[in-house]
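Report on the following structure.
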Amino acid sequence: MKKLTAYILSVLIIFTSCFSVDALSSQNNSEKITNDGLWKYTVSDKNNAEITGYLGREKNISIPEEIDDYTVTSIGSAAFYNSDIEKISFSSSIDSIGWWAFYGCKKLSSVELNDGLNIIKYGAFMNCHSLKEVSLPYTVYSIGEDAFGVSCSTSKNIKDHYSKKVVSKQIYSDNKNFTIKGYKGTYSEKYSKNHNFSFVSFSSVLFCDADLNGTVDDNDIILLKKFIDGKAKLNNSEKRNCDVDGDANVTSSDIKLIERYVMNEIPLGKLPVAEHIEEKTDFLYGKTMYCDGDSVAKGTGTNIFGSDFYSYCNYITDTYNMTSVNKSVAGTTIAKQKNKTSPDNKSILERVKEMKGSYDIVLLEGGFNDLFQKINIGEVTDINDKSGNYNEYTTAGALESICYFLNENYADSVKLFVLCHTRNANPNQYKYWNIITEVLDKWNIDYIDISSETDFCDINDEISTQYFMYNKDKKMGDGIHPLAYAAKKIYGPLIADKLNDIYCEDVGISFADKNIELGLGEGYYQSPVINGQYDGYSSRWSSSNPDVATVNSNGEIVARGMGKTTIRYCTNDGKTACYSVTVKFMAMDLVLDSTKLNLKCGESHTVSTSFLNGTTAYHISFTSSDSSVANVSADSGVITAVSSGKAVITCKTPSGVVAQCTVTVQ
């Protein structure tokens, strides 16, 4: 009875907790209208407001810093869709602009953005034909594709000659006359270059350089600490350099980040404002890839875009010069079907099991047709059940069989499952997507959820038609099949980035020698040991105490003073390795383990050396007076007896100290 009571109470607690969270979430996410009737907004979990619409009639507007006692921090998706506003300015509290936020604002000609703005998402100012230029603050570190696609337009209801399907078509041409004004050395400059925009520089920014001397070191940290304590002042240029978290203020959080950067504990790319400045290592070029899925992975099936079928698989293959096989079939399910429409209608499971050869990448996708054909969703087996015996006529069981097969036959391949966007029109989709992710988590197979990465919400017919295949009955995009434009601009780059991240996670960097002793004035170098495929990366070396030992951009060390220092190696992908260096006074004396040595022909002996306390030498050279009798390796001191006779082995330190050993070979 006690157990039953406890069980009932636990269920009630869980139910009450879930209800409370859902109720709060629903309350916070429900759209509100301000007391003055001008703004639509929602409230986030952090009690900040996001603008979701403007109800006023003014053409020249300013985003307020607060509405109804909430701080406004973001502009929501399509918040100003097709608005006839002409000018807009942002308050200092805004940090992000959402997908398609100002889509189709054809009269918008002036945009005044604020310092502290970090993110401008996909298509934010798409189809803003009157917008000719924009000034970007130094704090912007992420800009989505087509954020300034002011020349985009959409053609609807096009009948493809070959496929007989009715589609939409996004027409986009780079507007080379569009100008971005910003700061040299920031992401704005890189974005402009990558998108063929004209870039006009206000001045330069060198992040972390507080004293404007062109280098980043401990002196910058000292100056910043004085600034925080009110003992020093920074001008505007110095503040821009040191605001590495992008909040438009220089605080102790910036100092902590800069300290970690100077110590090479983090790379430049881990500083928020510099997140996308450095090029990341690309692992995908020249790889082999197997793709399988349904119509989304197969493509839209239209010739308008230059190919009968074009999907994100094509984008990845073409972009990275891959050799690939795409076995995707429209209408196919993950699970087997007992009543097939045709003998050739194999499931994704059945096709995967027929895989032959080796592949660097296995890219899978599916689930829509399991949902539409009401395949039994099934259940995930116990975490320890790796038997390979599953109900393959359920979605869960079929996917487990796929995971088992890949685990047995393609253990070394990078594997990724694509969960396509979710549609508000079919809430049951979440049940299938949740069971799919549960299976993948059990089998430790990576996946990418497009819905969590994008904002493919049902905003309006025009945007839906721009990205999805046209449904002639509903006169809009079908919300399921991404067009080639979406595959190239959104799906493809997201999936490629995820694959690249998986490769990067598999890379390990270390040093073989963790502790090194050098004599004063000696030089030294050891290369990092890299496990995994890692080519074409960029890196940075640093010494925690340059007064003890300095290190150049090639990793070459010079011992400058007595003491200890840590040498760090940091890649632009965030991989870090280090080793310790102790510098002692140069060797004043050199003692060998023996001054006389008797060996038989063929025998070997390694010379052991020691020094006076507080002195050392790393580089000792060894020579033989007669290598026909006994030779010695120049660096390691391994003596090998060759023939009868005597030879003198000489050991010498960089400071000129010499010791000898006479070798007699019998």
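A note on labels: chains of the structure tokens are A, B, ... as shown, every chain counts residues from 1, and ligands are counted from 1 in their shown order.
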
Name the residues of range 50-215 of chain A that come out as helix (DSSP H, G or I) in a backbone DSSP run; write them as a PDB file with N, CA and C atoms, in the first residue's frame.
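result03.pdb was written with the following content:
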ATOM      1  N   TYR A 187      33.859  40.393 -38.313  1.00  0.00           N
ATOM      2  CA  TYR A 187      33.135  39.457 -39.175  1.00  0.00           C
ATOM      3  C   TYR A 187      32.441  40.181 -40.323  1.00  0.00           C
ATOM      4  N   SER A 188      32.074  41.428 -40.133  1.00  0.00           N
ATOM      5  CA  SER A 188      31.417  42.190 -41.191  1.00  0.00           C
ATOM      6  C   SER A 188      32.275  42.257 -42.443  1.00  0.00           C
ATOM      7  N   GLU A 189      33.581  42.442 -42.258  1.00  0.00           N
ATOM      8  CA  GLU A 189      34.482  42.496 -43.404  1.00  0.00           C
ATOM      9  C   GLU A 189      34.534  41.146 -44.115  1.00  0.00           C
ATOM     10  N   LYS A 190      34.642  40.082 -43.343  1.00  0.00           N
ATOM     11  CA  LYS A 190      34.704  38.747 -43.944  1.00  0.00           C
ATOM     12  C   LYS A 190      33.405  38.435 -44.691  1.00  0.00           C
ATOM     13  N   TYR A 191      32.270  38.756 -44.087  1.00  0.00           N
ATOM     14  CA  TYR A 191      30.974  38.487 -44.719  1.00  0.00           C
ATOM     15  C   TYR A 191      30.845  39.248 -46.035  1.00  0.00           C
ATOM     16  N   SER A 192      31.276  40.490 -46.039  1.00  0.00           N
ATOM     17  CA  SER A 192      31.208  41.303 -47.258  1.00  0.00           C
ATOM     18  C   SER A 192      32.027  40.681 -48.375  1.00  0.00           C
ATOM     19  N   LYS A 193      33.227  40.244 -48.030  1.00  0.00           N
ATOM     20  CA  LYS A 193      34.104  39.635 -49.027  1.00  0.00           C
ATOM     21  C   LYS A 193      33.504  38.349 -49.572  1.00  0.00           C
ATOM     22  N   ASN A 194      32.954  37.520 -48.683  1.00  0.00           N
ATOM     23  CA  ASN A 194      32.392  36.233 -49.101  1.00  0.00           C
ATOM     24  C   ASN A 194      31.144  36.380 -49.956  1.00  0.00           C
TER      25      ASN A 194
END

Show which residues sit within 10 Å of Ser542 in chain A, as a short mmCIF file (atom, residue, chain, number, x, y, z; two decimals) with N, CA, C and O atoms, in the first residue's frame. Count only C-alpha atoms, and ignore same-chain residues fewer than 2 positions away.
data_model
loop_
_atom_site.label_atom_id
_atom_site.label_comp_id
_atom_site.auth_asym_id
_atom_site.auth_seq_id
_atom_site.Cartn_x
_atom_site.Cartn_y
_atom_site.Cartn_z
N ASP A 217 49.19 40.59 -25.28
CA ASP A 217 50.02 39.94 -24.26
C ASP A 217 49.53 40.33 -22.87
O ASP A 217 48.45 40.93 -22.71
N TYR A 261 42.64 33.66 -23.76
CA TYR A 261 43.19 33.74 -25.11
C TYR A 261 44.71 33.94 -25.06
O TYR A 261 45.46 33.28 -25.80
N VAL A 262 45.18 34.84 -24.20
CA VAL A 262 46.61 35.09 -24.07
C VAL A 262 47.34 33.82 -23.62
O VAL A 262 48.44 33.52 -24.09
N MET A 263 46.70 33.05 -22.74
CA MET A 263 47.30 31.81 -22.25
C MET A 263 47.13 30.67 -23.24
O MET A 263 47.59 29.55 -22.99
N ASN A 264 46.49 30.95 -24.36
CA ASN A 264 46.23 29.93 -25.39
C ASN A 264 45.37 28.79 -24.87
O ASN A 264 45.45 27.66 -25.34
N GLU A 265 44.52 29.08 -23.90
CA GLU A 265 43.57 28.08 -23.43
C GLU A 265 42.39 28.01 -24.38
O GLU A 265 41.70 26.98 -24.45
N ARG A 540 48.19 28.59 -33.35
CA ARG A 540 48.90 29.66 -32.66
C ARG A 540 49.67 29.04 -31.51
O ARG A 540 49.16 28.19 -30.79
N SER A 544 53.58 30.77 -21.60
CA SER A 544 52.93 31.41 -20.45
C SER A 544 53.88 32.38 -19.74
O SER A 544 53.44 33.27 -19.03
N ASN A 545 55.18 32.20 -19.96
CA ASN A 545 56.18 33.08 -19.33
C ASN A 545 57.31 33.34 -20.32
O ASN A 545 58.33 32.64 -20.31
N PRO A 546 57.15 34.34 -21.20
CA PRO A 546 58.17 34.61 -22.22
C PRO A 546 59.52 34.99 -21.64
O PRO A 546 60.53 34.90 -22.35
N ALA A 549 61.03 31.39 -21.56
CA ALA A 549 61.26 30.84 -22.90
C ALA A 549 60.26 31.47 -23.86
O ALA A 549 59.07 31.59 -23.54
N THR A 550 60.74 31.88 -25.01
CA THR A 550 59.87 32.42 -26.06
C THR A 550 59.62 31.34 -27.10
O THR A 550 60.41 30.41 -27.26
N VAL A 551 58.51 31.47 -27.80
CA VAL A 551 58.18 30.53 -28.87
C VAL A 551 57.68 31.33 -30.07
O VAL A 551 56.91 32.28 -29.92
N ASN A 552 58.15 30.99 -31.26
CA ASN A 552 57.72 31.72 -32.45
C ASN A 552 56.54 31.03 -33.11
O ASN A 552 56.01 30.03 -32.61
N SER A 553 56.08 31.58 -34.24
CA SER A 553 54.88 31.08 -34.91
C SER A 553 55.05 29.67 -35.45
O SER A 553 54.08 29.02 -35.81
N GLY A 555 56.62 27.30 -33.60
CA GLY A 555 56.76 26.43 -32.45
C GLY A 555 58.17 26.25 -31.97
O GLY A 555 58.44 25.38 -31.12
N ILE A 557 61.42 27.13 -29.83
CA ILE A 557 61.61 27.72 -28.51
C ILE A 557 63.06 28.16 -28.31
O ILE A 557 63.99 27.49 -28.77
N THR A 565 57.87 27.52 -17.62
CA THR A 565 56.85 28.09 -18.50
C THR A 565 56.08 26.94 -19.14
O THR A 565 56.54 25.80 -19.18
N THR A 566 54.89 27.27 -19.64
CA THR A 566 54.07 26.30 -20.36
C THR A 566 53.96 26.72 -21.81
O THR A 566 53.59 27.86 -22.10
N ILE A 567 54.30 25.82 -22.71
CA ILE A 567 54.18 26.09 -24.14
C ILE A 567 52.86 25.51 -24.62
O ILE A 567 52.59 24.32 -24.44
N ARG A 568 52.05 26.36 -25.21
CA ARG A 568 50.72 25.92 -25.66
C ARG A 568 50.59 26.02 -27.18
O ARG A 568 51.10 26.95 -27.80
N TYR A 569 49.87 25.05 -27.72
CA TYR A 569 49.57 25.00 -29.15
C TYR A 569 48.06 24.98 -29.27
O TYR A 569 47.38 24.16 -28.65
N CYS A 570 47.50 25.91 -30.04
CA CYS A 570 46.05 26.06 -30.11
C CYS A 570 45.62 26.22 -31.57
O CYS A 570 46.14 27.07 -32.29
N CYS A 578 49.59 21.20 -24.66
CA CYS A 578 50.67 21.96 -24.04
C CYS A 578 51.71 21.03 -23.42
O CYS A 578 51.46 19.84 -23.22
#

Could you name the residues that touch range 56-71 of chain A at 7 Å or less, counting only C-alpha atoms, but leaving out those on the same chain fewer than 2 positions away, as an MDAnalysis selection string?
-> chainID A and resid 34 38 47:49 54 73 84:93

Option closest in space to Glu31 in chain A, from A:Ser401, A:Gln466, A:Ser604, A:Ser44 [counting only C-alpha atoms] = A:Ser44

Could you name the residues that touch Lys298 in chain A at 12 Å or less, counting only C-alpha atoms, but leaving out those on the same chain fewer than 4 positions away, as an MDAnalysis selection string?
-> chainID A and resid 291:294 302 307:315 325:332 364:366 481:484 487

Which one is closest to Ser153 in chain A: A:Asp211, A:Glu278, A:Asp95, A:Glu462? Count only C-alpha atoms.
-> A:Glu462

Grab the CA of His421 in chain A to CA of Glu145 in chain A distance for me, in Å with one decimal place.
->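 Distance reported for this atom pair: 17.9 Å.
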
Give me, as CSV, each residue of range 363-463 of chain A that comes within 12 Å of range 101-111 of chain A, together with its shortest interatomic pair and the distance in Å at one decimal, counting only C-alpha atoms, with rows ordered by chain and rising residue number.
residue,atom,partner,partner_atom,distance
A:Asp455,CA,A:Ala101,CA,11.3
A:Ile459,CA,A:Ala101,CA,10.9
A:Asn460,CA,A:Tyr103,CA,11.2
A:Glu462,CA,A:Gly104,CA,10.1
A:Ile463,CA,A:Tyr103,CA,9.0

Those residues you just picked out, can you put them in a file as an mmCIF file, in the first residue's frame with N, CA, C and O atoms?
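After the write, part_23.cif holds the following:
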data_model
loop_
_atom_site.group_PDB
_atom_site.id
_atom_site.type_symbol
_atom_site.label_atom_id
_atom_site.label_comp_id
_atom_site.auth_asym_id
_atom_site.auth_seq_id
_atom_site.Cartn_x
_atom_site.Cartn_y
_atom_site.Cartn_z
ATOM 1 N N ASP A 455 14.336 28.327 -38.912
ATOM 2 C CA ASP A 455 13.037 28.853 -38.513
ATOM 3 C C ASP A 455 12.051 28.670 -39.669
ATOM 4 O O ASP A 455 11.492 29.617 -40.189
ATOM 5 N N ILE A 459 5.063 31.009 -41.737
ATOM 6 C CA ILE A 459 4.881 32.454 -41.621
ATOM 7 C C ILE A 459 3.836 32.960 -42.604
ATOM 8 O O ILE A 459 2.885 33.641 -42.247
ATOM 9 N N ASN A 460 4.011 32.636 -43.863
ATOM 10 C CA ASN A 460 3.067 33.083 -44.887
ATOM 11 C C ASN A 460 3.300 32.300 -46.174
ATOM 12 O O ASN A 460 4.277 31.574 -46.315
ATOM 13 N N GLU A 462 4.044 33.319 -49.204
ATOM 14 C CA GLU A 462 5.147 33.738 -50.060
ATOM 15 C C GLU A 462 6.455 33.083 -49.642
ATOM 16 O O GLU A 462 7.184 32.535 -50.480
ATOM 17 N N ILE A 463 6.761 33.127 -48.343
ATOM 18 C CA ILE A 463 8.012 32.547 -47.876
ATOM 19 C C ILE A 463 7.983 31.030 -48.008
ATOM 20 O O ILE A 463 8.977 30.407 -48.385
#

Pick from A:Val380, A:Cys242, A:Val72, A:Val414, whichever lies nearest to Glu400 in chain A using only C-alpha atoms | A:Val380

Might you pull out every residue within 12 Å of Asp282 in chain A, with only C-alpha atoms counted and same-chain residues fewer than 3 positions away left off, and present them as a PyMOL selection string?
-> chain A and resi 279+285-287+319-320+496-504+533-538+572-573

Between A:Asp446, A:Tyr467, A:Ala630, A:Glu50, single out the one closest to Lys489 in chain A, counting only C-alpha atoms.
->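 Residue with the minimum atom-to-atom distance to Lys489 in chain A: A:Tyr467.
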
Return the single residue from A:Val648, A:Val591, A:Val583, A:Ala398 that is closest to Tyr618 in chain A, with distances computed using only C-alpha atoms.
-> A:Val583

Could you write out, as a PyMOL selection string, all the residues of range 230-312 of chain A that DSSP marks as strand (DSSP E)?
-> chain A and resi 288-292

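Here CA of Gly532 in chain A stands at a distance of 12.3 Å from CA of Ser413 in chain A.
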
Contacts of Thr333 in chain A within 6 Å, only C-alpha atoms, excl. fewer than 4 positions in-chain, as a list in words =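 Close residues of Thr333 in chain A: Ser347, Asn369 and Asp370 of chain A.
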
Counting only C-alpha atoms, the residue of A:Asn613, A:Asn409, A:Asn471, A:Ser130 that sits nearest Lys356 in chain A | A:Asn409
